[in-house]
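Here is the structure we will look at.
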Amino acid sequence: MQSHDELPLKVQATPAELIASTAVSLREAKDTDVALLDILSKRIVTLNPTNTAVEDALTDIEKLASKRAEGADDGQADNS
């Protein structure tokens, strides 16, 4: 068994790096809703979300849903 002094040094990611790497991983995952991920990354999943982050995200999500519904009515789904 290795002593504590012999363990390899692991550099810990900063919170900002952790958030960024998680977003990149999610973006690359199959069937990810990138537009929704962008909204959440911009509004909520940040180091310092605003006091209105949830309200702002909801507004953006409603706009996205409306845009997608209009596209679906036209026979063109917009999943971006």
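The way I read the labels, and the way they are meant: chains A, B, ... in the order of the structure tokens, residue 1 as the first residue of every chain, and ligand 1 as the first ligand shown, with later ones counted on from there.
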
When DSSP is applied to the backbone of this structure, which of chain A are assigned alpha helix (DSSP H)? Write them out as a VMD selection string. chain A and resid 15 to 28 34 to 43 53 to 73

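Residue nearest Ile19 of chain A, chosen from A:Val54, A:Ile61, A:Leu36, A:Leu47 and counting only C-alpha atoms: A:Leu47.
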
Atom pair atom CA of Ile44 of chain A / atom CA of Leu58 of chain A: separation (Å):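 Those two atoms sit 10.4 Å apart.
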
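Interatomic distance, atom CA of Glu17 of chain A to atom CA of Val34 of chain A: 19.2 Å.
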
Record the distance separating atom CA of Ala35 of chain A and atom CA of Asn51 of chain A, expressed in Å with one decimal. 22.1 Å

When distances are computed from only C-alpha atoms, which of A:Asp73, A:Asp38, A:Thr46, A:Ser25 shows the smallest separation from Asp60 of chain A?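 So, comparing all the options, the nearest one is A:Asp38.
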
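Between Asp56 of chain A and the candidates A:Asp74, A:Leu40, A:Pro15, A:Thr22, the tightest atom-to-atom separation, counting only C-alpha atoms, involves A:Leu40.
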